[in-house]
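Asker: Attaching a single structure in structure tokens format; questions to follow.
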Amino acid sequence: MAYKKLLAIIDYQNDFVSGSLGFDGAETLDAGISKLAQEYLAMGHPILVTYDTHDDNYKNTREGRYLPVEHCNPNTEGWQLYGKTQELISGTCATNLIFPIRKTTFGIAPEDMVKLKQSIGELDEIQVVGLVSNMCVLSNVCVLQAAWPEAQLIVDADLCASFDPVLHEKTLDILKGIQVEVTHY
């Protein structure tokens with residue numbers, strides 16, 4: 001089946017909203033992200049959901065040495081998606097439209113991206129939302145742009161956030177500089 005649009009929900013997990021790396025304001029994205037996901041499902045468009053995933057060896061990784069805060073272990077509630085977004089994704093009957101990817105670093109691994117592109121096919125548009133804008137959102141925009149160079153990438157500035165509002169705004173400027181459309185929900 002050839003799809004034209006993709007919604008990418010990046011790491012909207014409990015640990016980044018209310019858990020070990022949570023920050024004020026992250027919870028306010030939930031209503032908008034879940035509403036957007038409902039719209040995509042209703043139109044029959046696929047949704048990519050990334051899950052930041054770390055095991056007990058996390059602190060021995062490069063990322064863990066720079067950010068020594070345990071988070072997103074798949075055996076914890078912190079790994080699950082947050083709020084209404086979790087309810088929607090876990091409760092949908094349209095499982096053929098949901099593409100979950102566990103990632104162990106900021107961006108999706110190349111081999112997972114190849115499988116995703118084979119499953120989804122060509123795209124005209126990719127909309128990206130989630131956390132953290134200056135880390136995983138930015139990294140995955142670059143990976144998605146490399147996989148679908150002709151697709152229009154859109155990042156919703158109001159459905160992404162960072163623990164650092166200044167870095168969030170700088171990231172939006174960088175995204176514009178790499179030909180990503182930045183919109184407001």
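A note on labels: chains of the structure tokens are A, B, ... as shown, every chain counts residues from 1, and ligands are counted from 1 in their shown order.
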Using DSSP assignments from the backbone, pull out every residue in chain A that falls under alpha helix (DSSP H) and give it to me as JSON, numbers by chain.
Answerer: {"A": [14, 15, 16, 17, 30, 31, 32, 33, 34, 35, 36, 37, 38, 39, 40, 41, 42, 62, 63, 64, 65, 66, 83, 84, 85, 86, 87, 88, 89, 90, 91, 110, 111, 112, 113, 114, 115, 116, 117, 118, 119, 120, 138, 139, 140, 141, 142, 143, 144, 145, 146, 147, 165, 166, 167, 168, 169, 170, 171, 172, 173, 174, 175, 176, 177]}
Asker: Show which residues sit within 10 Å of segment 17-28 of chain A, as a PyMOL selection string. Count only C-alpha atoms, and ignore same-chain residues fewer than 2 positions away.
Answerer: chain A and resi 11-15+30-33+69-72+77-79+81-83+130-132+158-164
Asker: Any chance you could export the current selection's N, CA, C and O atoms as an mmCIF file, in the first residue's frame?
Answerer:
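Printed below is part38.cif as written:
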```cif
data_model
loop_
_atom_site.group_PDB
_atom_site.id
_atom_site.type_symbol
_atom_site.label_atom_id
_atom_site.label_comp_id
_atom_site.auth_asym_id
_atom_site.auth_seq_id
_atom_site.Cartn_x
_atom_site.Cartn_y
_atom_site.Cartn_z
ATOM 1 N N ASP A 11 9.509 9.947 20.699
ATOM 2 C CA ASP A 11 9.822 9.785 22.126
ATOM 3 C C ASP A 11 8.869 10.507 23.081
ATOM 4 O O ASP A 11 9.310 11.048 24.109
ATOM 5 N N TYR A 12 7.571 10.483 22.794
ATOM 6 C CA TYR A 12 6.629 11.127 23.720
ATOM 7 C C TYR A 12 6.310 10.134 24.848
ATOM 8 O O TYR A 12 5.204 9.638 24.968
ATOM 9 N N GLN A 13 7.339 9.863 25.647
ATOM 10 C CA GLN A 13 7.294 8.845 26.681
ATOM 11 C C GLN A 13 7.242 9.471 28.072
ATOM 12 O O GLN A 13 7.699 10.588 28.289
ATOM 13 N N ASN A 14 6.697 8.699 29.008
ATOM 14 C CA ASN A 14 6.539 9.174 30.380
ATOM 15 C C ASN A 14 7.822 9.751 30.966
ATOM 16 O O ASN A 14 7.784 10.774 31.644
ATOM 17 N N ASP A 15 8.955 9.090 30.754
ATOM 18 C CA ASP A 15 10.191 9.579 31.355
ATOM 19 C C ASP A 15 10.571 10.976 30.877
ATOM 20 O O ASP A 15 11.232 11.719 31.608
ATOM 21 N N ASP A 30 0.232 16.659 24.943
ATOM 22 C CA ASP A 30 -0.521 15.414 24.825
ATOM 23 C C ASP A 30 -1.820 15.559 24.033
ATOM 24 O O ASP A 30 -2.086 14.764 23.129
ATOM 25 N N ALA A 31 -2.622 16.539 24.356
ATOM 26 C CA ALA A 31 -3.910 16.701 23.670
ATOM 27 C C ALA A 31 -3.705 16.929 22.172
ATOM 28 O O ALA A 31 -4.394 16.317 21.347
ATOM 29 N N GLY A 32 -2.761 17.768 21.807
ATOM 30 C CA GLY A 32 -2.507 18.054 20.392
ATOM 31 C C GLY A 32 -1.928 16.868 19.647
ATOM 32 O O GLY A 32 -2.322 16.584 18.505
ATOM 33 N N ILE A 33 -0.987 16.154 20.275
ATOM 34 C CA ILE A 33 -0.394 14.988 19.620
ATOM 35 C C ILE A 33 -1.432 13.897 19.426
ATOM 36 O O ILE A 33 -1.543 13.321 18.336
ATOM 37 N N VAL A 69 21.521 9.823 33.568
ATOM 38 C CA VAL A 69 20.220 9.683 34.212
ATOM 39 C C VAL A 69 19.517 8.502 33.564
ATOM 40 O O VAL A 69 19.205 8.544 32.365
ATOM 41 N N GLU A 70 19.286 7.457 34.338
ATOM 42 C CA GLU A 70 18.610 6.293 33.773
ATOM 43 C C GLU A 70 17.193 6.677 33.355
ATOM 44 O O GLU A 70 16.489 7.376 34.086
ATOM 45 N N HIS A 71 16.808 6.213 32.177
ATOM 46 C CA HIS A 71 15.482 6.522 31.654
ATOM 47 C C HIS A 71 15.127 5.525 30.547
ATOM 48 O O HIS A 71 15.988 4.881 29.968
ATOM 49 N N CYS A 72 13.844 5.403 30.301
ATOM 50 C CA CYS A 72 13.291 4.650 29.176
ATOM 51 C C CYS A 72 13.761 3.198 29.118
ATOM 52 O O CYS A 72 14.034 2.664 28.045
ATOM 53 N N GLU A 77 7.428 1.906 33.613
ATOM 54 C CA GLU A 77 6.341 2.746 33.112
ATOM 55 C C GLU A 77 6.888 3.963 32.365
ATOM 56 O O GLU A 77 6.240 4.506 31.474
ATOM 57 N N GLY A 78 8.090 4.380 32.709
ATOM 58 C CA GLY A 78 8.702 5.530 32.052
ATOM 59 C C GLY A 78 8.919 5.326 30.568
ATOM 60 O O GLY A 78 8.992 6.282 29.805
ATOM 61 N N TRP A 79 9.003 4.081 30.130
ATOM 62 C CA TRP A 79 9.222 3.759 28.717
ATOM 63 C C TRP A 79 7.949 3.942 27.889
ATOM 64 O O TRP A 79 8.004 4.207 26.698
ATOM 65 N N LEU A 81 4.428 5.424 26.298
ATOM 66 C CA LEU A 81 3.993 6.744 25.838
ATOM 67 C C LEU A 81 3.184 7.413 26.934
ATOM 68 O O LEU A 81 2.655 6.751 27.832
ATOM 69 N N TYR A 82 3.036 8.717 26.834
ATOM 70 C CA TYR A 82 2.365 9.499 27.860
ATOM 71 C C TYR A 82 0.875 9.685 27.551
ATOM 72 O O TYR A 82 0.490 9.912 26.411
ATOM 73 N N GLY A 83 0.058 9.616 28.563
ATOM 74 C CA GLY A 83 -1.318 10.063 28.576
ATOM 75 C C GLY A 83 -2.238 9.559 27.479
ATOM 76 O O GLY A 83 -2.287 8.372 27.167
ATOM 77 N N GLY A 130 6.902 15.763 19.038
ATOM 78 C CA GLY A 130 7.452 14.984 20.141
ATOM 79 C C GLY A 130 8.556 15.676 20.915
ATOM 80 O O GLY A 130 8.679 16.896 20.922
ATOM 81 N N LEU A 131 9.379 14.842 21.556
ATOM 82 C CA LEU A 131 10.402 15.307 22.489
ATOM 83 C C LEU A 131 11.739 14.646 22.203
ATOM 84 O O LEU A 131 11.777 13.548 21.665
ATOM 85 N N VAL A 132 12.742 15.217 22.549
ATOM 86 C CA VAL A 132 13.108 16.562 22.936
ATOM 87 C C VAL A 132 13.558 17.254 21.653
ATOM 88 O O VAL A 132 14.373 16.717 20.907
ATOM 89 N N ASP A 158 4.629 23.831 18.160
ATOM 90 C CA ASP A 158 3.795 23.782 19.360
ATOM 91 C C ASP A 158 3.594 22.361 19.873
ATOM 92 O O ASP A 158 3.069 22.176 20.970
ATOM 93 N N LEU A 159 3.969 21.361 19.081
ATOM 94 C CA LEU A 159 3.827 19.971 19.505
ATOM 95 C C LEU A 159 5.182 19.301 19.691
ATOM 96 O O LEU A 159 5.298 18.077 19.661
ATOM 97 N N CYS A 160 6.205 20.141 19.859
ATOM 98 C CA CYS A 160 7.553 19.706 20.225
ATOM 99 C C CYS A 160 7.981 20.594 21.387
ATOM 100 O O CYS A 160 7.491 21.705 21.534
ATOM 101 N N ALA A 161 8.899 20.083 22.185
ATOM 102 C CA ALA A 161 9.375 20.900 23.307
ATOM 103 C C ALA A 161 10.748 20.420 23.741
ATOM 104 O O ALA A 161 11.200 19.345 23.358
ATOM 105 N N SER A 162 11.368 21.256 24.578
ATOM 106 C CA SER A 162 12.663 20.946 25.160
ATOM 107 C C SER A 162 12.675 21.416 26.606
ATOM 108 O O SER A 162 11.951 22.356 26.969
ATOM 109 N N PHE A 163 13.508 20.805 27.398
ATOM 110 C CA PHE A 163 13.742 21.247 28.764
ATOM 111 C C PHE A 163 14.396 22.628 28.773
ATOM 112 O O PHE A 163 14.397 23.319 29.777
ATOM 113 N N ASP A 164 14.944 23.048 27.617
ATOM 114 C CA ASP A 164 15.611 24.332 27.477
ATOM 115 C C ASP A 164 14.921 25.127 26.363
ATOM 116 O O ASP A 164 15.152 24.877 25.181
#
```
Asker: Contacts of Arg62 of chain A at 10 Å or less, counting only C-alpha atoms, minus same-chain residues fewer than 5 places along, as a PyMOL selection string?
Answerer: chain A and resi 67-68+105
Asker: Quick one: everything within 8 Å of Asp156 of chain A, counting only C-alpha atoms, minus sequence neighbours fewer than 4 positions away in the same chain. Send it as a PyMOL selection string.
Answerer: chain A and resi 127-129+160+182-185
Asker: Please list as a CSV table (one decimal) with all heavy atoms, in the first residue's frame every residue within 10 Å of segment 146-150 of chain A, counting only C-alpha atoms and excluding residues in the same chain fewer than 6 positions away.
Answerer:
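Here's the written file part_29.csv:
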```
chain,number,residue,atom,x,y,z
A,110,PRO,N,20.0,3.1,11.0
A,110,PRO,CA,19.8,2.9,9.5
A,110,PRO,C,19.1,1.7,9.1
A,110,PRO,O,18.2,1.7,8.2
A,110,PRO,CB,21.3,2.9,9.0
A,110,PRO,CG,22.0,3.7,10.1
A,110,PRO,CD,21.4,3.3,11.4
A,113,MET,N,15.5,2.2,9.6
A,113,MET,CA,14.9,3.1,8.6
A,113,MET,C,14.7,2.4,7.3
A,113,MET,O,13.7,2.7,6.6
A,113,MET,CB,15.9,4.3,8.5
A,113,MET,CG,15.3,5.4,7.6
A,113,MET,SD,13.7,6.0,8.1
A,113,MET,CE,14.0,6.8,9.6
A,114,VAL,N,15.6,1.5,6.9
A,114,VAL,CA,15.4,0.8,5.6
A,114,VAL,C,14.2,0.0,5.7
A,114,VAL,O,13.4,0.0,4.8
A,114,VAL,CB,16.7,-0.1,5.4
A,114,VAL,CG1,16.4,-1.1,4.2
A,114,VAL,CG2,17.9,0.8,5.0
A,116,LEU,N,11.5,0.4,7.6
A,116,LEU,CA,10.4,1.3,7.7
A,116,LEU,C,10.1,1.8,6.3
A,116,LEU,O,8.9,1.8,5.8
A,116,LEU,CB,10.7,2.5,8.6
A,116,LEU,CG,9.6,3.6,8.7
A,116,LEU,CD1,8.3,3.0,9.4
A,116,LEU,CD2,10.1,4.8,9.4
A,117,LYS,N,11.1,2.2,5.5
A,117,LYS,CA,10.8,2.7,4.1
A,117,LYS,C,10.3,1.6,3.3
A,117,LYS,O,9.4,1.9,2.4
A,117,LYS,CB,12.1,3.3,3.5
A,117,LYS,CG,11.8,4.0,2.2
A,117,LYS,CD,12.9,4.9,1.8
A,117,LYS,CE,12.5,5.6,0.5
A,117,LYS,NZ,13.5,6.4,-0.1
A,121,GLY,N,6.8,2.8,1.9
A,121,GLY,CA,6.9,3.3,0.5
A,121,GLY,C,7.2,4.8,0.4
A,121,GLY,O,7.7,5.4,1.4
A,122,GLU,N,7.0,5.3,-0.7
A,122,GLU,CA,7.3,6.8,-0.9
A,122,GLU,C,6.3,7.6,-0.2
A,122,GLU,O,5.1,7.3,0.0
A,122,GLU,CB,7.3,7.1,-2.4
A,122,GLU,CG,8.5,6.5,-3.1
A,122,GLU,CD,9.8,6.9,-2.5
A,122,GLU,OE1,10.0,8.1,-2.1
A,122,GLU,OE2,10.7,6.0,-2.4
A,123,LEU,N,6.7,8.8,0.2
A,123,LEU,CA,5.9,9.8,0.9
A,123,LEU,C,6.0,11.1,0.3
A,123,LEU,O,7.1,11.5,-0.2
A,123,LEU,CB,6.4,9.9,2.4
A,123,LEU,CG,6.1,8.6,3.3
A,123,LEU,CD1,6.9,8.8,4.6
A,123,LEU,CD2,4.7,8.4,3.5
A,124,ASP,N,4.9,11.9,0.4
A,124,ASP,CA,5.0,13.3,0.0
A,124,ASP,C,5.2,14.2,1.1
A,124,ASP,O,5.7,15.3,0.9
A,124,ASP,CB,3.6,13.7,-0.7
A,124,ASP,CG,3.4,12.9,-2.0
A,124,ASP,OD1,4.3,12.7,-2.7
A,124,ASP,OD2,2.2,12.5,-2.2
A,125,GLU,N,4.8,13.8,2.3
A,125,GLU,CA,4.8,14.7,3.5
A,125,GLU,C,5.1,13.9,4.8
A,125,GLU,O,4.5,12.8,4.9
A,125,GLU,CB,3.5,15.4,3.6
A,125,GLU,CG,3.4,16.4,4.8
A,125,GLU,CD,2.1,17.1,4.8
A,125,GLU,OE1,1.7,17.8,3.8
A,125,GLU,OE2,1.3,16.9,5.8
A,126,ILE,N,5.9,14.4,5.6
A,126,ILE,CA,6.2,13.8,6.9
A,126,ILE,C,6.1,14.9,8.0
A,126,ILE,O,6.8,16.0,7.9
A,126,ILE,CB,7.6,13.2,7.0
A,126,ILE,CG1,7.8,12.2,5.9
A,126,ILE,CG2,7.9,12.6,8.4
A,126,ILE,CD1,9.3,11.8,5.7
A,140,ASN,N,16.0,12.8,14.4
A,140,ASN,CA,15.1,12.0,13.5
A,140,ASN,C,14.6,12.8,12.3
A,140,ASN,O,14.4,12.2,11.3
A,140,ASN,CB,14.0,11.5,14.4
A,140,ASN,CG,14.5,10.3,15.2
A,140,ASN,OD1,14.8,9.2,14.7
A,140,ASN,ND2,14.7,10.5,16.5
```
Asker: Counting only C-alpha atoms, which residue out of A:Tyr51, A:Glu39, A:Ile120, A:Pro74 sits closest to Leu88 of chain A?
Answerer: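 Answer, going by the shortest atom-to-atom distance: A:Glu39.
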Asker: Taking only C-alpha atoms into account, name the residue in A:Val137, A:Ile108, A:Cys142, A:Ala94 that is nearest to Ile9 of chain A.
Answerer: A:Val137
Asker: Could you give me, as a VMD selection string, each residue of segment 1-184 of chain A that DSSP assigns to strand (DSSP E or B) when run on this structure's backbone?
Answerer: chain A and resid 5 to 10 13 47 to 52 81 98 to 103 125 to 131 152 to 161 181 to 183
Asker: Okay, now the selection with C-alpha atoms, as a PDB file, in the first residue's frame?
Answerer:
```
ATOM      1  CA  LYS A   5       1.698  11.206   4.494  1.00  0.00           C
ATOM      2  CA  LEU A   6       3.382  10.068   7.691  1.00  0.00           C
ATOM      3  CA  LEU A   7       3.090  11.345  11.253  1.00  0.00           C
ATOM      4  CA  ALA A   8       6.250  10.759  13.309  1.00  0.00           C
ATOM      5  CA  ILE A   9       5.745  10.884  17.077  1.00  0.00           C
ATOM      6  CA  ILE A  10       9.204  11.090  18.586  1.00  0.00           C
ATOM      7  CA  GLN A  13       7.294   8.845  26.681  1.00  0.00           C
ATOM      8  CA  ILE A  47       2.138   6.787  12.248  1.00  0.00           C
ATOM      9  CA  LEU A  48       5.740   6.195  13.218  1.00  0.00           C
ATOM     10  CA  VAL A  49       6.203   6.034  16.988  1.00  0.00           C
ATOM     11  CA  THR A  50       9.743   6.039  18.330  1.00  0.00           C
ATOM     12  CA  TYR A  51      10.585   4.681  21.746  1.00  0.00           C
ATOM     13  CA  ASP A  52      13.840   5.777  23.327  1.00  0.00           C
ATOM     14  CA  LEU A  81       3.993   6.744  25.838  1.00  0.00           C
ATOM     15  CA  ILE A  98       1.265   2.050  13.557  1.00  0.00           C
ATOM     16  CA  PHE A  99       5.015   1.567  13.087  1.00  0.00           C
ATOM     17  CA  PRO A 100       6.781   1.394  16.467  1.00  0.00           C
ATOM     18  CA  ILE A 101      10.562   1.626  16.502  1.00  0.00           C
ATOM     19  CA  ARG A 102      12.783   1.151  19.521  1.00  0.00           C
ATOM     20  CA  LYS A 103      15.898   3.266  19.248  1.00  0.00           C
ATOM     21  CA  GLU A 125       4.833  14.687   3.500  1.00  0.00           C
ATOM     22  CA  ILE A 126       6.197  13.831   6.941  1.00  0.00           C
ATOM     23  CA  GLN A 127       4.976  15.694  10.004  1.00  0.00           C
ATOM     24  CA  VAL A 128       7.134  15.418  13.134  1.00  0.00           C
ATOM     25  CA  VAL A 129       6.082  16.020  16.753  1.00  0.00           C
ATOM     26  CA  GLY A 130       7.452  14.984  20.141  1.00  0.00           C
ATOM     27  CA  LEU A 131      10.402  15.307  22.489  1.00  0.00           C
ATOM     28  CA  GLN A 152       8.097  17.843   2.616  1.00  0.00           C
ATOM     29  CA  LEU A 153       9.110  17.727   6.274  1.00  0.00           C
ATOM     30  CA  ILE A 154       7.000  19.668   8.733  1.00  0.00           C
ATOM     31  CA  VAL A 155       7.781  20.180  12.400  1.00  0.00           C
ATOM     32  CA  ASP A 156       5.008  21.550  14.556  1.00  0.00           C
ATOM     33  CA  ALA A 157       6.722  23.963  16.943  1.00  0.00           C
ATOM     34  CA  ASP A 158       3.795  23.782  19.360  1.00  0.00           C
ATOM     35  CA  LEU A 159       3.827  19.971  19.505  1.00  0.00           C
ATOM     36  CA  CYS A 160       7.553  19.706  20.225  1.00  0.00           C
ATOM     37  CA  ALA A 161       9.375  20.900  23.307  1.00  0.00           C
ATOM     38  CA  GLU A 181       8.677  23.781   7.328  1.00  0.00           C
ATOM     39  CA  VAL A 182       8.054  24.901  10.911  1.00  0.00           C
ATOM     40  CA  THR A 183       4.378  25.378  11.715  1.00  0.00           C
TER      41      THR A 183
END
```
Asker: In Å to one decimal, how far is atom CA of Lys59 of chain A from atom CA of Asn75 of chain A?
Answerer: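 Interatomic distance here is 16.4 Å.
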Asker: Quote the spacing between atom CA of Thr171 of chain A and atom CA of Ser133 of chain A in Å to one decimal place.
Answerer: 6.8 Å
Asker: Could you check the closest approach to Val141 of chain A for each of A:Leu167, A:Leu172, A:Lys115, A:Gly91 and tell me which residue wins, using only C-alpha atoms?
Answerer: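 Nearest to Val141 of chain A: A:Leu172.
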Asker: Ranking A:Thr92, A:Thr61, A:Thr53, A:Gln86 by minimum distance to Leu41 of chain A and counting only C-alpha atoms, which one comes first?
Answerer: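 Closest to Leu41 of chain A, using only C-alpha atoms: A:Thr92.
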